[in-house]
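Engineer: So here's model01.txt, just compact mmCIF, C-alpha atoms and all ligand atoms:
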```
# COMPACT_ATOMS: atom_id res chain seq x y z
CA MET A 1 -5.09 -21.15 -3.62
CA LYS A 2 -3.86 -23.39 -6.39
CA PRO A 3 -0.54 -25.04 -5.56
CA PHE A 4 2.65 -23.22 -6.52
CA LEU A 5 6.37 -23.59 -5.85
CA TYR A 6 8.17 -21.07 -3.68
CA GLN A 7 11.70 -19.78 -4.24
CA ARG A 8 13.61 -17.28 -2.15
CA PRO A 9 16.79 -16.29 -3.98
CA GLY A 10 19.56 -14.60 -1.99
CA SER A 11 20.97 -12.47 -4.79
CA LEU A 12 19.99 -10.67 -7.97
CA ALA A 13 21.98 -13.17 -10.07
CA GLN A 14 20.02 -16.08 -8.60
CA THR A 15 16.77 -14.22 -9.23
CA PHE A 16 17.56 -13.73 -12.92
CA ASP A 17 18.44 -17.44 -13.14
CA LEU A 18 15.06 -18.37 -11.67
CA LEU A 19 13.20 -15.99 -13.98
CA SER A 20 14.85 -17.48 -17.03
CA GLU A 21 14.33 -21.03 -15.78
CA TYR A 22 10.61 -20.61 -15.09
CA GLY A 23 9.70 -17.96 -17.66
CA SER A 24 6.22 -16.52 -17.61
CA SER A 25 4.94 -19.02 -15.06
CA ALA A 26 6.98 -17.24 -12.36
CA ARG A 27 5.67 -14.23 -10.45
CA ILE A 28 7.67 -11.89 -8.26
CA LEU A 29 6.52 -11.79 -4.63
CA ALA A 30 7.36 -8.75 -2.50
CA GLY A 31 4.56 -7.43 -0.26
CA GLY A 32 2.02 -9.85 -1.71
CA THR A 33 -1.00 -7.67 -0.97
CA ASP A 34 -2.14 -7.75 -4.60
CA LEU A 35 -0.54 -11.01 -5.68
CA ILE A 36 -1.98 -13.20 -2.90
CA VAL A 37 -5.45 -11.76 -3.53
CA GLY A 38 -5.04 -12.48 -7.25
CA LEU A 39 -3.93 -16.04 -6.58
CA ARG A 40 -6.78 -16.64 -4.17
CA GLN A 41 -9.36 -15.23 -6.57
CA GLN A 42 -7.65 -17.08 -9.44
CA SER A 43 -7.30 -13.92 -11.49
CA VAL A 44 -3.54 -14.54 -11.44
CA ASP A 45 -1.93 -17.77 -12.48
CA ALA A 46 1.53 -18.69 -11.25
CA SER A 47 3.32 -21.97 -10.86
CA VAL A 48 6.27 -20.40 -9.03
CA LEU A 49 6.51 -17.45 -6.68
CA VAL A 50 9.93 -15.83 -6.49
CA ASP A 51 10.13 -14.07 -3.13
CA ILE A 52 12.62 -11.22 -3.55
CA LYS A 53 12.75 -10.27 0.13
CA GLY A 54 15.87 -12.38 0.66
CA ILE A 55 17.93 -10.57 -1.98
CA GLY A 56 21.04 -9.21 -0.27
CA GLU A 57 21.43 -6.23 -2.62
CA PHE A 58 18.09 -4.67 -1.66
CA LEU A 59 17.99 -2.06 1.10
CA PRO A 60 14.97 -2.08 3.40
CA GLU A 61 15.06 1.71 3.82
CA VAL A 62 14.76 4.63 1.43
CA ALA A 63 18.20 5.61 0.08
CA PHE A 64 19.42 9.01 -1.05
CA ALA A 65 22.21 9.45 -3.61
CA ASP A 66 23.18 12.03 -6.26
CA GLY A 67 20.09 14.16 -5.84
CA HIS A 68 17.72 11.18 -6.04
CA PHE A 69 15.70 9.22 -3.57
CA VAL A 70 15.76 5.51 -4.38
CA ILE A 71 13.05 3.15 -3.14
CA GLY A 72 13.95 -0.50 -3.50
CA ALA A 73 11.60 -3.23 -4.65
CA THR A 74 11.14 -4.62 -1.15
CA THR A 75 10.62 -1.35 0.72
CA ASP A 76 7.09 -1.20 2.07
CA ILE A 77 4.96 1.91 1.85
CA SER A 78 4.93 2.53 5.63
CA ARG A 79 8.73 2.71 5.65
CA VAL A 80 8.74 5.25 2.85
CA CYS A 81 6.12 7.32 4.66
CA GLU A 82 8.18 7.24 7.88
CA ASN A 83 11.21 8.88 6.22
CA GLU A 84 11.07 12.52 7.32
CA LYS A 85 13.25 13.85 4.52
CA PHE A 86 11.16 12.02 1.94
CA ARG A 87 7.93 13.36 3.47
CA ALA A 88 9.22 16.92 3.33
CA THR A 89 10.36 16.58 -0.28
CA PHE A 90 7.38 14.74 -1.82
CA PRO A 91 4.32 15.66 0.28
CA ALA A 92 1.77 14.94 -2.45
CA LEU A 93 3.19 11.46 -3.05
CA VAL A 94 3.14 10.77 0.69
CA GLU A 95 -0.53 11.79 0.78
CA ALA A 96 -1.21 9.35 -2.04
CA MET A 97 0.73 6.56 -0.34
CA GLU A 98 -1.17 7.12 2.90
CA THR A 99 -4.43 6.43 1.08
CA VAL A 100 -3.26 3.00 -0.10
CA GLY A 101 -5.23 0.26 1.66
CA SER A 102 -4.93 0.37 5.43
CA VAL A 103 -2.17 0.36 8.05
CA GLN A 104 -1.86 -3.41 7.73
CA ILE A 105 -1.68 -3.24 3.94
CA ARG A 106 0.88 -0.41 3.93
CA ASN A 107 3.08 -2.37 6.32
CA ARG A 108 3.45 -5.03 3.60
CA ALA A 109 2.65 -3.43 0.23
CA THR A 110 5.61 -1.94 -1.61
CA LEU A 111 5.66 1.24 -3.67
CA VAL A 112 7.34 -0.69 -6.49
CA GLY A 113 4.58 -3.31 -6.33
CA ASN A 114 1.92 -0.62 -6.61
CA VAL A 115 3.60 0.49 -9.85
CA CYS A 116 4.14 -3.06 -11.18
CA ASN A 117 0.55 -3.99 -10.49
CA ALA A 118 -0.26 -1.51 -13.28
CA SER A 119 -3.76 -0.75 -12.11
CA PRO A 120 -5.26 2.26 -13.89
CA ALA A 121 -6.55 3.33 -10.46
CA ALA A 122 -3.22 3.13 -8.57
CA ASP A 123 -3.11 6.18 -6.33
CA THR A 124 0.65 6.57 -6.24
CA VAL A 125 1.08 6.76 -10.01
CA PRO A 126 -0.19 10.31 -10.76
CA PRO A 127 2.10 11.98 -8.18
CA LEU A 128 5.01 9.68 -9.13
CA ALA A 129 4.68 10.88 -12.73
CA ILE A 130 4.36 14.53 -11.66
CA TYR A 131 7.55 14.24 -9.58
CA GLY A 132 9.37 12.68 -12.56
CA ALA A 133 9.81 9.16 -11.15
CA MET A 134 11.90 6.66 -13.09
CA VAL A 135 11.53 2.89 -12.87
CA ASN A 136 14.82 0.99 -12.70
CA VAL A 137 14.29 -2.25 -14.58
CA GLY A 138 16.84 -4.98 -14.00
CA GLY A 139 17.72 -7.75 -16.42
CA ARG A 140 20.59 -10.12 -16.88
CA ASP A 141 22.29 -7.67 -19.22
CA GLY A 142 22.00 -4.65 -16.98
CA THR A 143 19.59 -2.01 -15.82
CA ARG A 144 17.47 0.35 -17.88
CA GLN A 145 15.40 3.32 -16.78
CA VAL A 146 11.83 3.92 -17.88
CA PRO A 147 9.67 6.93 -16.86
CA VAL A 148 6.80 5.66 -14.74
CA GLN A 149 4.12 6.82 -17.19
CA GLU A 150 5.78 4.79 -19.96
CA PHE A 151 6.40 1.81 -17.73
CA ILE A 152 2.66 1.31 -17.20
CA ARG A 153 1.36 0.58 -20.69
CA GLY A 154 -2.22 -0.29 -19.88
CA PRO A 155 -4.33 -2.22 -17.37
CA ARG A 156 -2.04 -4.92 -15.91
CA GLN A 157 0.50 -4.28 -18.67
CA THR A 158 4.02 -3.04 -18.06
CA ALA A 159 7.12 -2.45 -20.16
CA LEU A 160 8.86 -5.43 -18.51
CA ARG A 161 10.43 -7.90 -20.94
CA PRO A 162 10.84 -11.60 -20.23
CA GLY A 163 13.44 -12.19 -17.52
CA GLU A 164 13.30 -8.63 -16.18
CA PHE A 165 11.92 -7.27 -12.94
CA VAL A 166 11.84 -3.88 -11.24
CA LEU A 167 14.72 -3.18 -8.87
CA SER A 168 13.65 0.24 -7.64
CA VAL A 169 11.85 3.48 -8.33
CA GLN A 170 13.79 6.72 -8.11
CA LEU A 171 12.68 10.30 -7.70
CA PRO A 172 14.77 13.38 -8.41
CA VAL A 173 14.74 16.08 -5.76
CA PRO A 174 13.09 19.04 -7.55
CA ASN A 175 15.86 21.46 -8.50
CA ALA A 176 13.60 24.50 -8.70
CA PRO A 177 10.67 25.59 -6.51
CA LEU A 178 7.64 23.41 -7.19
CA GLY A 179 4.20 23.10 -5.63
CA VAL A 180 2.53 19.69 -5.96
CA ALA A 181 -0.86 18.44 -4.79
CA PHE A 182 -2.86 15.20 -4.95
CA ALA A 183 -6.53 14.30 -4.66
CA ARG A 184 -8.63 11.20 -4.99
CA LEU A 185 -12.29 10.43 -4.88
CA THR A 186 -13.57 7.19 -3.38
CA ARG A 187 -16.90 5.90 -2.29
CA ARG A 188 -15.53 5.37 1.17
CA ARG A 189 -12.33 6.24 2.99
CA GLY A 190 -10.01 3.30 3.50
CA VAL A 191 -9.86 0.12 1.50
CA ASP A 192 -11.40 1.07 -1.85
CA LEU A 193 -10.19 1.78 -5.35
CA ALA A 194 -10.23 5.37 -6.57
CA THR A 195 -13.11 6.62 -8.69
CA VAL A 196 -10.67 9.24 -9.97
CA ASN A 197 -7.25 10.33 -8.75
CA LEU A 198 -5.08 13.17 -9.89
CA SER A 199 -2.01 15.21 -9.13
CA CYS A 200 -0.68 18.52 -10.40
CA SER A 201 2.40 20.67 -10.11
CA ILE A 202 3.02 24.35 -10.62
CA ASP A 203 6.44 25.94 -10.95
CA SER A 204 7.67 29.51 -10.57
CA VAL A 205 7.53 30.28 -14.31
CA GLY A 206 3.86 29.36 -14.42
CA THR A 207 4.00 25.91 -16.02
CA VAL A 208 1.25 23.63 -14.75
CA ARG A 209 1.29 19.87 -15.20
CA PHE A 210 -1.56 17.47 -14.50
CA ALA A 211 -1.72 13.69 -14.24
CA PHE A 212 -5.14 12.00 -14.19
CA GLY A 213 -5.62 8.39 -13.05
CA ALA A 214 -8.55 5.94 -13.25
CA VAL A 215 -9.98 7.82 -16.24
CA GLY A 216 -8.41 5.89 -19.11
CA PRO A 217 -6.48 2.70 -19.81
CA ARG A 218 -3.32 4.50 -18.77
CA LEU A 219 -2.28 7.66 -17.02
CA VAL A 220 -3.27 10.88 -18.82
CA LEU A 221 -0.74 13.69 -18.65
CA GLY A 222 -1.33 17.32 -19.55
CA ILE A 223 0.74 20.46 -19.54
CA GLU A 224 -0.37 24.11 -19.67
CA ARG A 225 2.20 26.83 -20.27
CA SER A 226 0.10 29.91 -21.06
CA GLY A 227 0.19 31.02 -17.43
CA VAL A 228 -3.59 31.21 -17.05
CA LEU A 229 -3.66 28.34 -14.56
CA ALA A 230 -0.78 29.79 -12.58
CA ASP A 231 -2.53 33.16 -12.30
CA SER A 232 -5.15 32.87 -9.59
CA GLY A 233 -6.46 36.30 -10.62
CA ALA A 234 -7.30 35.20 -14.18
CA PRO A 235 -11.05 35.03 -14.98
CA ALA A 236 -12.56 31.83 -13.58
CA GLY A 237 -14.08 31.04 -16.98
CA ASP A 238 -10.67 31.12 -18.65
CA ARG A 239 -9.14 28.94 -15.98
CA ASP A 240 -11.97 26.40 -16.20
CA ALA A 241 -11.62 26.37 -19.99
CA ALA A 242 -7.90 25.59 -19.64
CA LEU A 243 -8.65 22.79 -17.18
CA ALA A 244 -11.42 21.41 -19.39
CA ASN A 245 -8.95 21.37 -22.24
CA LEU A 246 -6.58 19.15 -20.22
CA ILE A 247 -9.42 16.94 -18.99
CA ALA A 248 -10.61 16.45 -22.59
CA ALA A 249 -7.69 14.03 -23.07
CA THR A 250 -9.19 11.61 -20.52
CA SER A 251 -11.60 8.83 -21.45
CA PRO A 252 -13.50 7.92 -18.29
CA ARG A 253 -15.80 4.92 -18.32
CA THR A 254 -18.96 4.10 -16.48
CA ASP A 255 -18.52 1.34 -13.92
CA ILE A 256 -19.55 0.38 -10.42
CA ARG A 257 -17.63 3.34 -8.94
CA GLY A 258 -19.19 6.09 -11.03
CA THR A 259 -20.56 7.11 -14.40
CA GLN A 260 -18.55 8.68 -17.16
CA ASP A 261 -20.25 12.05 -16.66
CA TYR A 262 -19.76 11.98 -12.92
CA ARG A 263 -16.08 11.22 -13.30
CA SER A 264 -15.60 14.07 -15.78
CA ALA A 265 -17.45 16.50 -13.54
CA MET A 266 -15.43 15.47 -10.49
CA LEU A 267 -12.16 15.83 -12.41
CA LEU A 268 -12.94 19.50 -12.96
CA VAL A 269 -13.89 20.10 -9.33
CA LEU A 270 -10.85 18.30 -7.96
CA SER A 271 -8.54 19.91 -10.53
CA ARG A 272 -9.57 23.36 -9.30
CA ARG A 273 -8.94 22.27 -5.74
CA ILE A 274 -5.52 20.75 -6.18
CA LEU A 275 -4.40 23.61 -8.41
CA ALA A 276 -5.13 26.03 -5.56
CA GLU A 277 -3.39 23.73 -3.11
CA ALA A 278 -0.31 23.34 -5.32
CA ALA A 279 -0.13 27.12 -5.78
CA GLY A 280 -0.30 27.55 -2.01
CA ARG A 281 2.54 25.09 -1.57
CA LEU A 282 4.64 26.87 -4.17
CA ASP A 283 4.09 30.17 -2.33
CA SER A 284 4.93 28.66 1.04
CA GLY A 285 8.14 27.15 -0.36
CA GLN A 286 6.99 23.57 0.23
CA PRO A 287 7.68 21.27 -2.73
CA MET B 288 4.03 -32.79 -6.40
CA ILE B 289 4.98 -29.79 -4.32
CA ASP B 290 6.92 -30.44 -1.15
CA ALA B 291 6.29 -28.94 2.24
CA LEU B 292 9.09 -26.63 3.35
CA PRO B 293 10.57 -26.24 6.84
CA VAL B 294 9.62 -23.14 8.82
CA VAL B 295 10.88 -21.82 12.13
CA LEU B 296 8.62 -19.25 13.71
CA ASN B 297 8.44 -17.55 17.05
CA ILE B 298 4.77 -17.25 17.94
CA ASN B 299 3.77 -15.48 21.14
CA GLY B 300 7.24 -16.10 22.55
CA LEU B 301 7.34 -19.81 21.79
CA LYS B 302 9.47 -21.41 19.10
CA TYR B 303 7.56 -23.49 16.56
CA GLU B 304 9.23 -25.71 13.95
CA PHE B 305 7.06 -27.32 11.33
CA GLU B 306 6.71 -28.00 7.63
CA VAL B 307 4.30 -26.11 5.48
CA LEU B 308 3.09 -26.18 1.89
CA PRO B 309 4.15 -22.96 0.17
CA TYR B 310 0.60 -22.00 -0.77
CA ARG B 311 -0.73 -21.97 2.78
CA SER B 312 -1.35 -18.56 4.30
CA LEU B 313 -0.03 -17.64 7.71
CA LEU B 314 -3.66 -17.33 8.78
CA ASP B 315 -4.52 -20.89 7.74
CA VAL B 316 -1.50 -22.26 9.55
CA LEU B 317 -2.21 -20.32 12.74
CA ARG B 318 -5.82 -21.45 12.83
CA ASP B 319 -5.87 -24.91 11.29
CA GLU B 320 -2.48 -26.32 12.14
CA LEU B 321 -1.48 -24.58 15.36
CA GLY B 322 -4.95 -24.22 16.86
CA LEU B 323 -4.59 -20.48 17.44
CA THR B 324 -8.16 -19.65 16.47
CA GLY B 325 -8.32 -16.22 18.11
CA THR B 326 -7.21 -14.73 14.80
CA LYS B 327 -10.26 -14.76 12.53
CA GLU B 328 -10.81 -15.22 8.85
CA CYS B 329 -13.54 -13.27 7.14
CA CYS B 330 -12.80 -11.77 3.72
CA ALA B 331 -9.42 -13.42 3.06
CA VAL B 332 -8.48 -10.58 0.69
CA GLY B 333 -7.13 -7.90 3.03
CA GLU B 334 -10.24 -5.81 3.45
CA CYS B 335 -11.65 -6.59 6.88
CA GLY B 336 -8.73 -6.86 9.30
CA ALA B 337 -10.23 -9.80 11.23
CA CYS B 338 -6.93 -11.63 10.65
CA THR B 339 -4.67 -8.85 12.01
CA VAL B 340 -1.52 -10.08 13.79
CA HIS B 341 1.83 -8.45 14.48
CA PHE B 342 4.71 -9.75 12.40
CA ASP B 343 8.14 -8.62 13.57
CA GLY B 344 6.35 -5.95 15.56
CA ARG B 345 4.24 -4.55 12.72
CA SER B 346 0.55 -5.11 12.17
CA ILE B 347 -0.33 -7.08 9.05
CA ASN B 348 -3.16 -9.11 7.52
CA ALA B 349 -2.31 -12.77 8.13
CA CYS B 350 -4.55 -13.75 5.19
CA LEU B 351 -2.20 -11.92 2.79
CA MET B 352 1.02 -13.48 3.99
CA LEU B 353 2.23 -16.95 3.18
CA ALA B 354 3.36 -18.97 6.17
CA ILE B 355 6.62 -19.69 4.36
CA GLU B 356 7.28 -15.95 4.00
CA ALA B 357 7.17 -15.63 7.77
CA ASP B 358 10.05 -18.12 8.20
CA GLY B 359 12.55 -16.85 10.76
CA GLY B 360 10.27 -14.08 12.04
CA SER B 361 8.14 -13.56 15.08
CA VAL B 362 4.39 -13.35 15.26
CA THR B 363 2.14 -12.04 18.02
CA THR B 364 -1.49 -13.07 17.89
CA ILE B 365 -4.38 -12.06 20.11
CA GLU B 366 -3.56 -15.09 22.32
CA GLY B 367 -0.13 -13.61 23.06
CA ILE B 368 -0.94 -9.94 23.48
CA ALA B 369 -1.15 -10.34 27.27
CA PRO B 370 0.27 -13.02 29.61
CA PRO B 371 -2.03 -16.07 29.96
CA GLY B 372 -5.07 -15.28 32.05
CA GLU B 373 -4.53 -11.54 31.86
CA MET B 374 -5.83 -8.81 29.60
CA THR B 375 -4.28 -5.65 28.25
CA ARG B 376 -5.66 -2.20 29.09
CA VAL B 377 -7.16 -2.07 25.62
CA GLN B 378 -9.02 -5.34 26.17
CA ASP B 379 -10.29 -4.18 29.58
CA ALA B 380 -11.38 -0.87 28.10
CA PHE B 381 -13.29 -2.64 25.29
CA LEU B 382 -15.24 -4.54 27.97
CA GLU B 383 -15.79 -1.48 30.17
CA HIS B 384 -17.15 0.52 27.23
CA GLY B 385 -19.36 -2.25 25.87
CA ALA B 386 -17.40 -2.19 22.63
CA VAL B 387 -17.91 -5.90 21.97
CA GLN B 388 -21.08 -7.11 20.29
CA CYS B 389 -20.82 -10.40 18.40
CA GLY B 390 -17.07 -10.26 18.96
CA PHE B 391 -15.90 -11.53 15.61
CA CYS B 392 -13.93 -8.42 14.63
CA ILE B 393 -12.60 -7.82 18.14
CA PRO B 394 -9.30 -9.75 18.04
CA GLY B 395 -8.30 -7.83 14.91
CA MET B 396 -9.54 -4.55 16.36
CA VAL B 397 -7.53 -5.11 19.54
CA MET B 398 -4.39 -5.92 17.55
CA SER B 399 -4.82 -2.73 15.52
CA ALA B 400 -5.52 -0.65 18.63
CA GLU B 401 -2.46 -2.07 20.41
CA TYR B 402 -0.29 -1.29 17.40
CA LEU B 403 -1.65 2.23 17.19
CA LEU B 404 -1.14 2.99 20.89
CA ALA B 405 2.34 1.45 20.98
CA ARG B 406 3.46 3.88 18.30
CA ASN B 407 1.29 6.82 19.24
CA PRO B 408 0.13 6.67 22.88
CA HIS B 409 -2.08 9.75 22.52
CA PRO B 410 -3.73 9.60 19.11
CA THR B 411 -6.25 12.19 17.99
CA GLU B 412 -9.68 10.85 17.09
CA GLU B 413 -8.73 11.13 13.44
CA GLU B 414 -5.53 9.18 14.01
CA THR B 415 -7.49 6.50 15.86
CA ARG B 416 -9.98 6.24 13.01
CA GLU B 417 -7.11 5.94 10.54
CA GLY B 418 -5.44 3.33 12.76
CA LEU B 419 -8.61 1.23 12.68
CA SER B 420 -9.49 1.91 9.04
CA GLY B 421 -8.32 -1.55 8.00
CA ASN B 422 -10.73 -3.22 10.42
CA LEU B 423 -14.43 -3.64 9.70
CA CYS B 424 -17.05 -4.33 12.36
CA ARG B 425 -20.20 -5.77 10.93
CA CYS B 426 -22.07 -4.99 14.14
CA GLY B 427 -21.13 -1.34 13.64
CA GLY B 428 -19.78 -0.78 17.15
CA TYR B 429 -17.15 1.71 16.15
CA ASN B 430 -18.03 4.56 18.52
CA ARG B 431 -17.63 2.48 21.64
CA MET B 432 -14.30 1.22 20.36
CA LEU B 433 -13.13 4.79 19.80
CA GLN B 434 -14.27 5.67 23.33
CA ALA B 435 -12.43 2.66 24.73
CA ILE B 436 -9.22 3.56 22.96
CA SER B 437 -9.42 7.19 23.98
CA SER B 438 -9.90 6.15 27.63
CA VAL B 439 -6.69 4.13 27.48
CA SER B 440 -4.89 7.06 25.90
CA GLU B 441 -6.09 9.41 28.66
CA GLU B 442 -4.90 7.09 31.43
CA SER B 443 -1.29 7.02 30.24
CA THR B 444 0.87 10.00 31.07
CA PRO B 445 1.30 12.33 28.12
S1 LIG A 501 -9.51 -12.05 6.59
FE1 LIG A 501 -7.66 -10.96 6.33
S2 LIG A 501 -8.32 -8.95 5.99
FE2 LIG A 501 -10.19 -10.05 6.01
S1 LIG A 502 -18.56 -6.86 17.22
FE1 LIG A 502 -19.57 -7.99 15.66
S2 LIG A 502 -18.32 -7.64 13.93
FE2 LIG A 502 -17.58 -6.25 15.37
```
Here is a file; write its structure as structure tokens.
Ligand code: FES
Ligand code: FES
Structural biologist:
Amino acid sequence: MKPFLYQRPGSLAQTFDLLSEYGSSARILAGGTDLIVGLRQQSVDASVLVDIKGIGEFLPEVAFADGHFVIGATTDISRVCENEKFRATFPALVEAMETVGSVQIRNRATLVGNVCNASPAADTVPPLAIYGAMVNVGGRDGTRQVPVQEFIRGPRQTALRPGEFVLSVQLPVPNAPLGVAFARLTRRRGVDLATVNLSCSIDSVGTVRFAFGAVGPRLVLGIERSGVLADSGAPAGDRDAALANLIAATSPRTDIRGTQDYRSAMLLVLSRRILAEAAGRLDSGQP
Amino acid sequence: MIDALPVVLNINGLKYEFEVLPYRSLLDVLRDELGLTGTKECCAVGECGACTVHFDGRSINACLMLAIEADGGSVTTIEGIAPPGEMTRVQDAFLEHGAVQCGFCIPGMVMSAEYLLARNPHPTEEETREGLSGNLCRCGGYNRMLQAISSVSEESTP
């Protein structure tokens, strides 16, 4: 690794001071599972790492307030997955989080870091968007909220402005019955990036939402309100046509993990599957 | 010029105080500065698990953690998993089941297996596979490892 300075501020105020002092040469360090790899492979350049794990204001555990779950910037994925109430409320997101890396990675990697890394293939992002997650962005002048799908603007690009960093991600508890499912396709289970990943929700009035990852520079969202996708008795051809219509908004590429055609074909197959799963969850009263 | 920073670390029950450059990984310091070479380096990017140690009781990849980040914490490496001269049940079971071939992945495998069994003494085969999914064995000896772990699980009272 190229030499860098290390700072461990004890408060948010000190962190903002450091970010304005060092500007774009500073990088935030939380779990480090992407950042350290980037530094070692020299795909990331930093002259200062600002380790935010010493910030007194951050809670290590998932918090619940005013109908929202709040996950702080230093909370690792394993801790989120261990929270029983969170698991019961956001099962599809938990499934996505449990596919991130390995046990050792999840014990360090943070959910916020997975969002900030802004990888088009991030597995947590489709279900976060489906559950309506907001990113709480902190700056010297206060905090602003950005929906997760707007926060990630493209590969490795976020809506962060100079001097800002992400304080937390928050998720509203669904206020009406909702069934949500998640799927991903990888070449092998375990440490690998997704070839495609997707999540969908279905509510009791028949609205279906889809989020497709790894098939475009940013997340692709679709919504279908005609009721054909919510009606499992509708002709299969009509349902496939409605899914194909949503998938048409994606722009998969050919790369080492799969060809464009393969990705499109798998999106349809997996969309059918998670739609059935989400409908089952809606019927069983699971969110 | 970047200065070395002071670190206090408990490693395998002993207190270590030293200075470290901020861009040194915990793995490099364990191996190159403290002589604890049981923990291996292979990929250095978090994919193989050869560098698995327990930090504050949780299994992590030592190649993805800076030594300075570990300041004030406690680390258990393969050298400290059992008292000197002794082996854990997992280590014995790996030997009994012939789970060790070249041996390079074994310290990391043992650390992952110990972590799994400490939290879940009777894992299903699927849970065991998931528990070891961050550890690669280039010799491909996974089945014997699974057998070894399941034998330890069966011995302990449910
Ligand atoms: S050396 Fe750390 S995971 Fe491979
Ligand atoms: S025993 Fe050789 S790498 Fe696992």
Engineer: Quick one: everything within 6 Å of region 358-360 of chain B, counting all atoms listed in the file, minus sequence neighbours fewer than 3 positions away in the same chain. Send it as a list in words.
Structural biologist: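 The residues satisfying every condition are Val294, Val295, Leu296 and Ile355 of chain B.
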Engineer: Rank nothing, just name the residue among B:Ala291, B:Val362, B:Leu382, B:Cys392 nearest to ligand LIG 501 (chain A), using only C-alpha atoms and all ligand atoms.
Structural biologist: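 Closest to ligand LIG 501 (chain A), using only C-alpha atoms and all ligand atoms: B:Cys392.
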Engineer: What are the residues of chain A lining chain B at 6 Å or less? Count all atoms listed in the file, and put the answer as a list of chain:residue names.
Structural biologist: A:Pro3, A:Tyr6, A:Thr33, A:Ile36, A:Val37, A:Ser102, A:Gln104, A:Gly190
Engineer: Using 3 Å of padding on each side, determine the axis-aligned box around all atoms of ligand LIG 502 (chain A) present in the file and give its centre and edge lengths in Å to one decimal, as AutoDock Vina command-line options.
Structural biologist:
```
--center_x -18.6 --center_y -7.1 --center_z 15.6 --size_x 8.0 --size_y 7.7 --size_z 9.3
```
Engineer: As a list in words, please: every protein or nucleic acid residue near ligand LIG 502 (chain A) (cut-off 10 Å, counting all atoms listed in the file).
Structural biologist: Cys335, Ala337, Gly385, Ala386, Val387, Gln388, Cys389, Gly390, Phe391, Cys392, Ile393, Pro394, Gly395, Met396, Asn422, Leu423, Cys424, Arg425, Cys426, Gly427, Gly428, Tyr429 and Met432 of chain B
